[in-house]
file run.txt (compact mmCIF, C-alpha atoms)
# COMPACT_ATOMS: atom_id res chain seq x y z
CA MET S 1 75.25 105.91 187.95
CA ARG S 2 73.16 104.76 185.02
CA GLN S 3 74.78 107.36 182.75
CA ILE S 4 78.25 106.12 183.77
CA PHE S 5 77.21 102.52 183.03
CA GLU S 6 75.88 103.47 179.56
CA LEU S 7 79.10 105.36 178.82
CA LEU S 8 81.18 102.29 179.73
CA ILE S 9 79.04 100.13 177.42
CA GLN S 10 79.60 102.57 174.54
CA ILE S 11 83.37 102.53 175.15
CA LEU S 12 83.42 98.72 175.17
CA VAL S 13 81.42 98.59 171.91
CA LEU S 14 83.78 101.10 170.31
CA PHE S 15 86.90 99.16 171.30
CA GLY S 16 85.22 95.91 170.27
CA CYS S 17 84.69 97.29 166.75
CA CYS S 18 88.23 98.59 166.51
CA SER S 19 89.74 95.27 167.51
CA THR S 20 87.91 93.25 164.85
CA PRO S 21 90.39 91.46 162.52
CA VAL S 22 90.40 92.84 159.00
CA PHE S 23 92.11 90.28 156.83
CA ALA S 24 91.04 86.82 157.95
CA GLN S 25 92.10 83.53 156.38
CA THR S 26 95.16 85.13 154.72
CA ALA S 27 98.77 84.16 155.08
CA SER S 28 99.08 86.48 158.09
CA SER S 29 96.16 87.99 159.97
CA ILE S 30 96.53 91.65 160.84
CA SER S 31 94.54 93.97 163.07
CA SER S 32 92.13 96.59 161.85
CA PRO S 33 93.93 99.71 160.59
CA ALA S 34 93.53 103.02 162.36
CA LEU S 35 91.94 104.49 159.24
CA PRO S 36 89.16 102.86 157.16
CA ILE S 37 90.12 100.99 154.01
CA ARG S 38 89.50 103.27 151.03
CA VAL S 39 87.58 101.23 148.47
CA LYS S 40 87.70 102.25 144.81
CA VAL S 41 85.25 99.75 143.29
CA VAL S 42 82.69 97.39 144.83
CA VAL S 43 81.76 94.45 142.61
CA VAL S 44 78.40 93.05 143.68
CA ALA S 45 77.44 89.49 142.71
CA MET S 46 74.28 87.82 143.87
CA PHE S 47 74.96 84.09 144.12
CA GLU S 48 77.81 81.60 144.30
CA PRO S 49 76.63 78.00 144.73
CA GLY S 50 79.88 76.55 146.05
CA GLU S 51 83.30 77.85 146.99
CA ASP S 52 84.67 81.20 145.86
CA THR S 53 87.26 79.48 143.67
CA GLY S 54 88.04 76.14 142.07
CA ASP S 55 84.61 74.63 141.47
CA ALA S 56 81.54 75.22 139.29
CA PRO S 57 81.21 79.01 139.15
CA GLY S 58 78.34 81.31 140.01
CA GLU S 59 78.31 85.06 139.47
CA TYR S 60 81.22 85.66 141.87
CA GLN S 61 83.94 83.13 141.06
CA LEU S 62 85.30 84.63 137.83
CA TRP S 63 85.70 87.98 139.58
CA VAL S 64 87.53 86.40 142.52
CA GLU S 65 89.96 84.52 140.29
CA ARG S 66 90.57 87.16 137.61
CA GLU S 67 90.62 90.22 139.87
CA HIS S 68 92.79 88.37 142.41
CA LEU S 69 90.45 89.09 145.29
CA ASP S 70 92.75 87.20 147.63
CA GLN S 71 92.16 88.95 150.95
CA ILE S 72 89.14 87.57 152.81
CA LEU S 73 87.38 89.87 155.26
CA PRO S 74 84.62 88.54 157.51
CA LEU S 75 81.26 90.30 157.23
CA PRO S 76 79.24 88.76 160.07
CA ALA S 77 76.18 90.97 159.48
CA GLY S 78 76.05 90.09 155.77
CA TYR S 79 75.31 87.01 153.71
CA ARG S 80 78.94 86.06 153.08
CA HIS S 81 82.45 87.30 153.71
CA VAL S 82 83.84 89.90 151.32
CA ARG S 83 87.13 89.88 149.42
CA MET S 84 89.60 92.55 148.34
CA ASN S 85 92.61 92.93 146.13
CA ARG S 86 95.53 95.31 146.49
CA ASP S 87 94.12 97.67 143.84
CA GLY S 88 91.18 98.69 146.02
CA VAL S 89 88.53 96.41 144.49
CA LEU S 90 86.13 94.80 146.96
CA GLY S 91 83.90 91.91 145.94
CA MET S 92 80.77 90.69 147.69
CA VAL S 93 77.94 88.18 147.32
CA THR S 94 74.56 89.45 148.50
CA GLY S 95 72.52 86.25 148.49
CA VAL S 96 69.47 85.65 146.30
CA ALA S 97 66.43 87.99 146.23
CA THR S 98 65.84 91.54 147.40
CA ALA S 99 65.80 91.00 151.17
CA LYS S 100 69.26 89.41 151.36
CA ALA S 101 70.64 91.94 148.90
CA ALA S 102 69.41 94.92 150.90
CA ALA S 103 70.63 93.51 154.21
CA SER S 104 74.06 92.51 152.90
CA VAL S 105 74.76 95.81 151.14
CA MET S 106 73.64 97.73 154.21
CA ALA S 107 75.94 95.59 156.37
CA LEU S 108 78.88 96.44 154.15
CA GLY S 109 77.96 100.11 153.87
CA LEU S 110 77.75 100.62 157.64
CA ASP S 111 80.90 98.66 158.44
CA PRO S 112 83.40 101.17 159.94
CA ARG S 113 86.35 99.29 158.42
CA PHE S 114 85.53 100.63 154.94
CA ASP S 115 85.47 104.07 153.36
CA LEU S 116 83.02 103.76 150.46
CA THR S 117 82.38 107.46 149.89
CA LYS S 118 84.23 107.52 146.55
CA ALA S 119 83.62 103.90 145.56
CA TYR S 120 82.00 102.96 142.28
CA TRP S 121 79.51 100.07 142.52
CA VAL S 122 79.35 97.55 139.66
CA ILE S 123 76.37 95.27 140.26
CA ALA S 124 76.94 92.41 137.83
CA GLY S 125 74.71 89.37 137.47
CA ILE S 126 72.74 87.22 135.07
CA GLY S 127 69.03 87.25 134.27
CA GLY S 128 66.18 86.42 131.92
CA GLY S 129 66.20 88.55 128.76
CA ASP S 130 63.30 89.75 126.66
CA PRO S 131 63.80 88.16 123.19
CA ALA S 132 62.27 91.27 121.64
CA ASP S 133 65.40 93.18 122.68
CA VAL S 134 68.33 90.90 123.42
CA SER S 135 69.95 87.58 122.55
CA LEU S 136 71.44 84.90 124.76
CA GLY S 137 74.77 85.95 126.24
CA SER S 138 74.10 89.66 125.68
CA ALA S 139 74.84 92.35 128.28
CA VAL S 140 72.49 95.14 129.38
CA TRP S 141 73.53 98.30 131.21
CA ALA S 142 70.47 99.57 133.10
CA ASN S 143 69.20 103.14 133.05
CA HIS S 144 66.27 102.20 135.28
CA VAL S 145 65.67 99.39 137.74
CA ILE S 146 61.99 98.63 138.25
CA ASP S 147 60.54 96.76 141.22
CA GLY S 148 58.23 93.89 140.28
CA ASP S 149 57.02 93.20 143.83
CA ILE S 150 55.61 96.46 145.18
CA ALA S 151 51.97 96.20 144.11
CA TYR S 152 48.51 94.95 144.86
CA GLU S 153 47.68 91.63 143.18
CA ILE S 154 44.51 89.76 142.31
CA ASP S 155 44.63 86.04 141.54
CA ALA S 156 44.78 85.42 137.79
CA ARG S 157 41.55 83.42 137.92
CA GLU S 158 39.67 86.47 139.25
CA ILE S 159 41.06 89.29 137.10
CA PRO S 160 38.25 91.47 135.67
CA ALA S 161 37.69 90.93 131.96
CA ASP S 162 38.78 94.47 131.05
CA TRP S 163 42.07 94.29 132.98
CA ALA S 164 45.32 93.37 131.22
CA THR S 165 46.89 92.08 134.44
CA GLY S 166 46.13 91.33 138.07
CA PHE S 167 48.96 93.65 139.23
CA VAL S 168 47.83 97.05 140.46
CA PRO S 169 50.11 99.89 141.61
CA LEU S 170 49.93 100.58 145.32
CA ARG S 171 47.24 103.13 146.23
CA LYS S 172 45.62 102.74 142.81
CA SER S 173 42.43 100.85 142.00
CA LYS S 174 43.24 99.37 138.59
CA PRO S 175 46.30 98.45 136.49
CA TYR S 176 48.39 101.35 135.15
CA GLU S 177 46.05 103.95 136.62
CA GLN S 178 47.15 107.53 135.99
CA PRO S 179 48.64 109.70 137.27
CA VAL S 180 51.69 107.78 138.49
CA LYS S 181 52.62 108.64 142.07
CA THR S 182 55.07 111.51 142.25
CA ALA S 183 56.68 110.16 145.43
CA LEU S 184 57.69 106.54 144.85
CA ASP S 185 58.49 104.05 147.61
CA GLY S 186 61.06 101.96 145.78
CA GLU S 187 58.96 101.10 142.73
CA ALA S 188 61.64 102.46 140.40
CA TYR S 189 65.23 103.70 140.54
CA THR S 190 66.88 105.88 137.90
CA LEU S 191 70.64 105.53 137.68
CA ASN S 192 73.15 108.19 136.65
CA THR S 193 72.43 108.13 132.92
CA ASP S 194 75.70 109.95 132.11
CA LEU S 195 77.69 107.23 133.89
CA VAL S 196 75.61 104.51 132.20
CA ALA S 197 76.24 106.09 128.79
CA TRP S 198 79.97 106.18 129.55
CA ALA S 199 80.01 102.51 130.57
CA PHE S 200 78.15 101.58 127.39
CA GLN S 201 80.48 103.62 125.20
CA LEU S 202 83.46 101.93 126.81
CA THR S 203 82.12 98.40 126.35
CA LYS S 204 79.82 98.46 123.31
CA ASP S 205 82.37 96.89 120.97
CA ILE S 206 83.44 94.04 123.25
CA HIS S 207 83.20 90.68 121.51
CA LEU S 208 81.03 88.32 123.55
CA ALA S 209 81.24 84.56 123.34
CA ASP S 210 78.87 82.72 121.02
CA SER S 211 78.51 78.96 120.62
CA GLU S 212 76.74 76.30 118.59
CA GLU S 213 74.63 75.47 121.63
CA ILE S 214 73.18 78.93 122.12
CA ARG S 215 72.84 79.46 118.36
CA ALA S 216 70.73 76.32 118.19
CA TYR S 217 68.62 77.52 121.12
CA ARG S 218 67.98 81.04 119.86
CA VAL S 219 66.80 79.96 116.38
CA ARG S 220 63.68 78.65 118.11
CA TYR S 221 62.63 82.26 118.73
CA THR S 222 61.27 82.92 115.26
CA GLY S 223 59.76 86.36 114.87
CA PHE S 224 62.25 87.95 117.30
CA PRO S 225 65.08 89.46 115.21
CA ASN S 226 67.13 90.63 118.20
CA ALA S 227 66.96 87.17 119.75
CA MET S 228 68.59 85.77 116.61
CA LYS S 229 71.68 88.00 116.83
CA PRO S 230 75.04 87.01 118.29
CA PRO S 231 75.53 88.37 121.84
CA PHE S 232 75.95 92.15 122.08
CA VAL S 233 76.16 94.97 124.63
CA THR S 234 73.26 97.41 124.94
CA VAL S 235 71.47 99.83 127.27
CA GLY S 236 67.97 99.19 128.58
CA ASP S 237 66.05 98.63 131.78
CA THR S 238 65.87 95.78 134.22
CA MET S 239 63.19 94.52 136.58
CA SER S 240 63.89 93.13 140.03
CA SER S 241 61.48 90.72 141.67
CA GLY S 242 61.67 88.16 144.44
CA THR S 243 59.46 85.93 142.29
CA PHE S 244 61.16 84.21 139.37
CA TRP S 245 58.38 84.81 136.86
CA HIS S 246 58.32 83.39 133.33
CA GLY S 247 56.20 83.41 130.19
CA SER S 248 54.96 85.67 127.41
CA ARG S 249 52.11 87.15 129.47
CA MET S 250 54.51 88.03 132.28
CA ASP S 251 56.92 89.52 129.74
CA GLU S 252 54.10 91.74 128.44
CA TRP S 253 53.40 92.85 132.01
CA ALA S 254 57.08 93.60 132.71
CA ASN S 255 57.27 95.81 129.63
CA ALA S 256 54.07 97.67 130.51
CA TRP S 257 55.05 98.01 134.20
CA THR S 258 58.40 99.50 133.14
CA ARG S 259 56.77 101.98 130.77
CA TYR S 260 54.31 102.96 133.51
CA TYR S 261 56.98 103.80 136.08
CA THR S 262 59.31 105.54 133.58
CA GLY S 263 56.71 107.76 131.94
CA GLY S 264 56.91 105.75 128.74
CA GLN S 265 60.66 106.29 128.44
CA GLY S 266 61.88 102.91 129.68
CA ASN S 267 62.32 99.64 127.83
CA PHE S 268 62.36 96.45 129.89
CA MET S 269 65.07 94.12 128.62
CA ILE S 270 66.09 91.77 131.42
CA ALA S 271 64.88 90.51 134.78
CA GLY S 272 66.80 89.75 137.97
CA MET S 273 65.93 89.14 141.61
CA GLU S 274 68.04 91.50 143.74
CA ASP S 275 68.77 94.90 142.23
CA THR S 276 66.01 96.94 143.90
CA GLY S 277 67.12 95.60 147.28
CA THR S 278 70.69 96.66 146.56
CA LEU S 279 69.58 100.07 145.33
CA GLN S 280 67.31 100.65 148.32
CA ALA S 281 70.25 100.00 150.65
CA LEU S 282 72.49 102.27 148.57
CA THR S 283 69.81 104.99 148.65
CA PHE S 284 69.85 104.95 152.46
CA LEU S 285 73.66 104.80 152.53
CA ASN S 286 73.76 107.78 150.15
CA GLN S 287 71.51 109.68 152.56
CA ALA S 288 73.93 108.85 155.36
CA GLY S 289 76.93 110.02 153.35
CA ARG S 290 78.46 106.54 153.23
CA ALA S 291 77.95 105.81 149.51
CA ASP S 292 77.39 107.81 146.33
CA LEU S 293 74.35 106.82 144.25
CA LYS S 294 75.77 108.70 141.27
CA ARG S 295 78.54 106.07 141.12
CA VAL S 296 76.30 103.00 140.78
CA LEU S 297 76.07 100.78 137.69
CA VAL S 298 73.82 97.76 137.12
CA LEU S 299 74.87 95.18 134.52
CA ARG S 300 72.75 92.14 133.74
CA THR S 301 73.65 89.49 131.16
CA VAL S 302 71.25 87.10 129.44
CA SER S 303 71.45 83.51 130.69
CA ASN S 304 67.98 82.61 129.37
CA TYR S 305 64.94 84.15 127.77
CA ASP S 306 62.16 85.34 130.05
CA ARG S 307 59.43 83.67 128.01
CA GLU S 308 58.76 80.48 126.11
CA ALA S 309 59.74 79.97 122.48
CA PRO S 310 56.94 80.13 119.90
CA GLY S 311 55.09 76.83 119.74
CA THR S 312 55.84 75.86 123.36
CA THR S 313 54.25 76.64 126.72
CA PRO S 314 55.57 78.67 129.66
CA ALA S 315 55.37 75.58 131.89
CA GLU S 316 57.48 73.53 129.47
CA SER S 317 60.00 76.35 129.16
CA LEU S 318 60.26 76.88 132.91
CA LYS S 319 60.68 73.15 133.55
CA SER S 320 63.72 73.10 131.28
CA MET S 321 65.42 75.71 133.51
CA VAL S 322 64.78 74.14 136.92
CA GLY S 323 68.02 73.82 138.85
CA GLY S 324 69.72 76.61 136.90
CA LYS S 325 69.86 74.78 133.56
CA TYR S 326 70.00 78.00 131.58
CA ALA S 327 70.78 77.89 127.86
CA ALA S 328 73.59 80.48 128.16
CA TYR S 329 74.66 80.05 131.77
CA MET S 330 78.44 80.04 131.27
CA PRO S 331 78.44 82.59 128.40
CA SER S 332 76.38 84.98 130.55
CA LEU S 333 78.77 84.59 133.51
CA GLU S 334 81.68 85.29 131.19
CA ALA S 335 79.92 88.32 129.69
CA ALA S 336 79.19 89.81 133.12
CA GLU S 337 82.83 89.61 134.15
CA ILE S 338 84.35 90.64 130.82
CA VAL S 339 82.07 93.64 130.29
CA GLY S 340 82.10 94.68 133.94
CA ASP S 341 85.86 94.31 134.22
CA LYS S 342 86.39 96.74 131.33
CA VAL S 343 84.75 99.41 133.48
CA VAL S 344 86.62 98.38 136.63
CA ARG S 345 89.98 98.51 134.84
CA ASP S 346 89.30 101.98 133.46
CA ILE S 347 88.32 103.33 136.88
CA LEU S 348 91.46 101.95 138.48
CA GLU S 349 93.79 103.08 135.69
CA HIS S 350 92.40 106.62 135.81
CA TRP S 351 91.77 106.78 139.56
CA THR S 352 93.50 110.13 139.99
CA GLU S 353 90.73 111.59 137.84
CA ARG S 354 87.88 109.17 138.61
CA GLU S 355 88.17 109.63 142.37
CA ASN S 356 86.70 113.12 142.23
CA THR S 357 85.18 113.33 138.75
CA ILE S 358 82.54 110.86 137.62
CA PRO S 359 83.05 109.96 133.93
CA HIS S 360 80.44 110.57 131.25
CA ALA S 361 80.11 109.50 127.63
CA SER S 362 82.02 112.38 126.07
CA GLN S 363 85.21 111.46 127.96
call {"tool": "encode", "arguments": {"input": "run.txt", "output": "C-alpha cells"}}
result
Amino acid sequence: MRQIFELLIQILVLFGCCSTPVFAQTASSISSPALPIRVKVVVVAMFEPGEDTGDAPGEYQLWVEREHLDQILPLPAGYRHVRMNRDGVLGMVTGVATAKAAASVMALGLDPRFDLTKAYWVIAGIGGGDPADVSLGSAVWANHVIDGDIAYEIDAREIPADWATGFVPLRKSKPYEQPVKTALDGEAYTLNTDLVAWAFQLTKDIHLADSEEIRAYRVRYTGFPNAMKPPFVTVGDTMSSGTFWHGSRMDEWANAWTRYYTGGQGNFMIAGMEDTGTLQALTFLNQAGRADLKRVLVLRTVSNYDREAPGTTPAESLKSMVGGKYAAYMPSLEAAEIVGDKVVRDILEHWTERENTIPHASQ
C-alpha cells in the first residue's frame, strides 16, 4: 500500500511540473511544451536594482532591452524570473554574492523546461579593477576565477609580524604555504582557455566609451600607466568574494592569492562577488550532464578601482563608493553589454557550427 501511495505522489509531482506555465506575463500565456526549450546562450547578470526595463539600469537592463528578452518565464526556485528572446538567448539575474548566484544558477540548470546541454554561458558583470592592469570602463575576460572566501583568517590586529596577510589557505598553517593542495574545493576555477582566447580575439578591438568624468578620475592614479589608458579589452583573472574588500593592502593580497592558486600563472585584474558561486553550480550541472563547463565565459568590466588613489586612504576611497557611486558605473555597464553581445551575436549567427563545435582563437 505504501509503495502505491509513493507512486501516486511521484505521478502527481511529474504532472505538476509538466503543467507549469512557460511564458508568463506575455501577450498570451501558453502551456509548457512537450519538449524542453533548447537554449543557445545564457546571459548571467548579478544585480538589477529596479525593474527589468525603463528605469535606472543595473547589469541586466541593457541586455533585456537590446537583446529583446521579451518573454518572461517564472523561476520560483531562483532569485528572479528569467527572460528569453526568439533567438534562443536566455537572460537571468542571480542576486548579489556567491550564495544567491549558486542557488539561482542551480535552479535554472535543474529546471526541466530548459535544455542547456549545448548552451554557452556569458557571465557579464561589473567589478573593482586593479589599476596596475586596467583602466576604468575596461573589460576583462577571465582565464581563472579565484575564490576570496575559502580560507582561514586571523584578525588583522593579531597577524604575526612575519606574515604578509591574515588569510591562510584551508588545511595550511601559514599564508601561501606550499605545496598547494592538488584537490581544490572551489578555491579556483580554470575556464576553457581556448574559448576565452577566441572571445578576446573577437572583441579586442571594440571601442569602449570614455568620458571627461572618468578621465579626470583616473589621472589621480599616478604611477599606474594602465590606469591612465582609455578603456580597453584584455584577458586576466578575477576574484570572487562575498566581502566587498577595498584598499591597496587587499589588492596586494588578491594578486598574491591568485598567483598562489594558479601556480604563478595567473594575474588578478578585477574583483566581483558572485562568479565562484555560479561556477560551482555549473560544475555540478556539468557533472549531471545538464550544462557544459567548456562553454562558460566570465566577463567583468571596471566600474571602479579596487584600491585608493595615491595620497588618499582606503576608508576615504570606500566612502566615496557607498551606495554604488562608482566612477565608471554607466560606462562599465555599457562595456559589459557591448563586449558580451559581440560574442552572443557570433554564436547565434554561426549556430549551425557552434552548436557542436566550440570555437577557439584560430577560427
call {"tool": "atom_distance", "arguments": {"input": "run.txt", "atom1": "CA of Leu184 in chain S", "atom2": "CA of Asp155 in chain S"}}
result
24.5 Å
call {"tool": "closest_atom_pairs", "arguments": {"input": "run.txt", "of": "range 122-210 of chain S", "to": "range 79-91 of chain S", "cutoff": "12 Å", "atoms": "only C-alpha atoms", "output": "tab-separated table"}}
result
residue	atom	partner	partner_atom	distance
S:Val122	CA	S:Gly91	CA	9.6
S:Ile123	CA	S:Gly91	CA	10.0
S:Ala124	CA	S:Gly91	CA	10.7
call {"tool": "residues_around", "arguments": {"input": "run.txt", "residues": "Leu318 in chain S", "least_positions_apart": "3", "cutoff": "10 Å", "atoms": "only C-alpha atoms", "output": "NGL selection string"}}
result
:S and (244-247 or 306-308 or 313-315 or 321-322 or 325-326)
call {"tool": "write_last_selection", "arguments": {"input": "run.txt", "atoms": "C-alpha atoms", "output": "PDB file, in the frame of the given file"}}
result
ATOM      1  CA  PHE S 244      61.160  84.210 139.370  1.00  0.00           C
ATOM      2  CA  TRP S 245      58.380  84.810 136.860  1.00  0.00           C
ATOM      3  CA  HIS S 246      58.320  83.390 133.330  1.00  0.00           C
ATOM      4  CA  GLY S 247      56.200  83.410 130.190  1.00  0.00           C
ATOM      5  CA  ASP S 306      62.160  85.340 130.050  1.00  0.00           C
ATOM      6  CA  ARG S 307      59.430  83.670 128.010  1.00  0.00           C
ATOM      7  CA  GLU S 308      58.760  80.480 126.110  1.00  0.00           C
ATOM      8  CA  THR S 313      54.250  76.640 126.720  1.00  0.00           C
ATOM      9  CA  PRO S 314      55.570  78.670 129.660  1.00  0.00           C
ATOM     10  CA  ALA S 315      55.370  75.580 131.890  1.00  0.00           C
ATOM     11  CA  MET S 321      65.420  75.710 133.510  1.00  0.00           C
ATOM     12  CA  VAL S 322      64.780  74.140 136.920  1.00  0.00           C
ATOM     13  CA  LYS S 325      69.860  74.780 133.560  1.00  0.00           C
ATOM     14  CA  TYR S 326      70.000  78.000 131.580  1.00  0.00           C
TER      15      TYR S 326
END
call {"tool": "atom_distance", "arguments": {"input": "run.txt", "atom1": "CA of Gly324 in chain S", "atom2": "CA of Gly137 in chain S"}}
result
15.0 Å
call {"tool": "closest_residue", "arguments": {"input": "run.txt", "among": "S:Ala327, S:Ala188, S:Ala45, S:Val96", "to": "Thr283 in chain S", "atoms": "all atoms listed in the file"}}
result
S:Ala188
call {"tool": "atom_distance", "arguments": {"input": "run.txt", "atom1": "CA of Val233 in chain S", "atom2": "CA of Gly50 in chain S"}}
result
28.5 Å
call {"tool": "closest_residue", "arguments": {"input": "run.txt", "among": "S:Val140, S:Leu333, S:Ala216, S:Ile159", "to": "Met239 in chain S", "atoms": "only C-alpha atoms"}}
result
S:Val140
call {"tool": "closest_residue", "arguments": {"input": "run.txt", "among": "S:Met106, S:Trp121, S:Lys100, S:Tyr261", "to": "Pro169 in chain S", "atoms": "only C-alpha atoms"}}
result
S:Tyr261
call {"tool": "residues_around", "arguments": {"input": "run.txt", "residues": "range 52-55 of chain S", "least_positions_apart": "5", "cutoff": "8 Å", "atoms": "all atoms listed in the file", "output": "list in words"}}
result
Tyr60, Gln61, Val64 and Glu65 of chain S
call {"tool": "write_last_selection", "arguments": {"input": "run.txt", "atoms": "C-alpha atoms", "output": "mmCIF file, in the coordinates of the input"}}
result
data_model
loop_
_atom_site.group_PDB
_atom_site.id
_atom_site.type_symbol
_atom_site.label_atom_id
_atom_site.label_comp_id
_atom_site.auth_asym_id
_atom_site.auth_seq_id
_atom_site.Cartn_x
_atom_site.Cartn_y
_atom_site.Cartn_z
ATOM 1 C CA TYR S 60 81.220 85.660 141.870
ATOM 2 C CA GLN S 61 83.940 83.130 141.060
ATOM 3 C CA VAL S 64 87.530 86.400 142.520
ATOM 4 C CA GLU S 65 89.960 84.520 140.290
#
call {"tool": "closest_atom_pairs", "arguments": {"input": "run.txt", "of": "range 81-180 of chain S", "to": "range 224-229 of chain S", "cutoff": "8 Å", "atoms": "all atoms listed in the file", "output": "JSON lines"}}
result
{"residue": "S:Pro131", "atom": "CA", "partner": "S:Ala227", "partner_atom": "CA", "distance": 4.8}
{"residue": "S:Ala132", "atom": "CA", "partner": "S:Phe224", "partner_atom": "CA", "distance": 5.5}
{"residue": "S:Asp133", "atom": "CA", "partner": "S:Asn226", "partner_atom": "CA", "distance": 5.4}
{"residue": "S:Val134", "atom": "CA", "partner": "S:Asn226", "partner_atom": "CA", "distance": 5.4}
{"residue": "S:Ser135", "atom": "CA", "partner": "S:Ala227", "partner_atom": "CA", "distance": 4.1}
{"residue": "S:Leu136", "atom": "CA", "partner": "S:Ala227", "partner_atom": "CA", "distance": 7.1}
call {"tool": "residues_near_point", "arguments": {"input": "run.txt", "point": "(79.0, 93.7, 118.0)", "cutoff": "12 Å", "atoms": "all atoms listed in the file", "output": "PyMOL selection string"}}
result
chain S and resi 135+138-139+203-210+229-234
call {"tool": "residues_around", "arguments": {"input": "run.txt", "residues": "Ala142 in chain S", "least_positions_apart": "6", "cutoff": "7 Å", "atoms": "all atoms listed in the file", "output": "list in words"}}
result
Val235, Gly236, Asp237, Thr238, Val298 and Leu299 of chain S
call {"tool": "residues_around", "arguments": {"input": "run.txt", "residues": "Leu285 in chain S", "least_positions_apart": "3", "cutoff": "12 Å", "atoms": "all atoms listed in the file", "output": "list in words"}}
result
Ala102, Ala103, Val105, Met106, Ala107, Leu108, Gly109, Leu110, Asp111, Asp115, Leu116, Thr117, Thr278, Leu279, Gln280, Ala281, Leu282, Ala288, Gly289, Arg290, Ala291, Asp292 and Leu293 of chain S
call {"tool": "residues_around", "arguments": {"input": "run.txt", "residues": "Gly263 in chain S", "least_positions_apart": "2", "cutoff": "12 Å", "atoms": "only C-alpha atoms", "output": "list of chain:residue names"}}
result
S:His144, S:Tyr176, S:Gln178, S:Pro179, S:Val180, S:Lys181, S:Thr182, S:Ala188, S:Thr190, S:Ala256, S:Trp257, S:Thr258, S:Arg259, S:Tyr260, S:Tyr261, S:Gln265, S:Gly266, S:Asn267
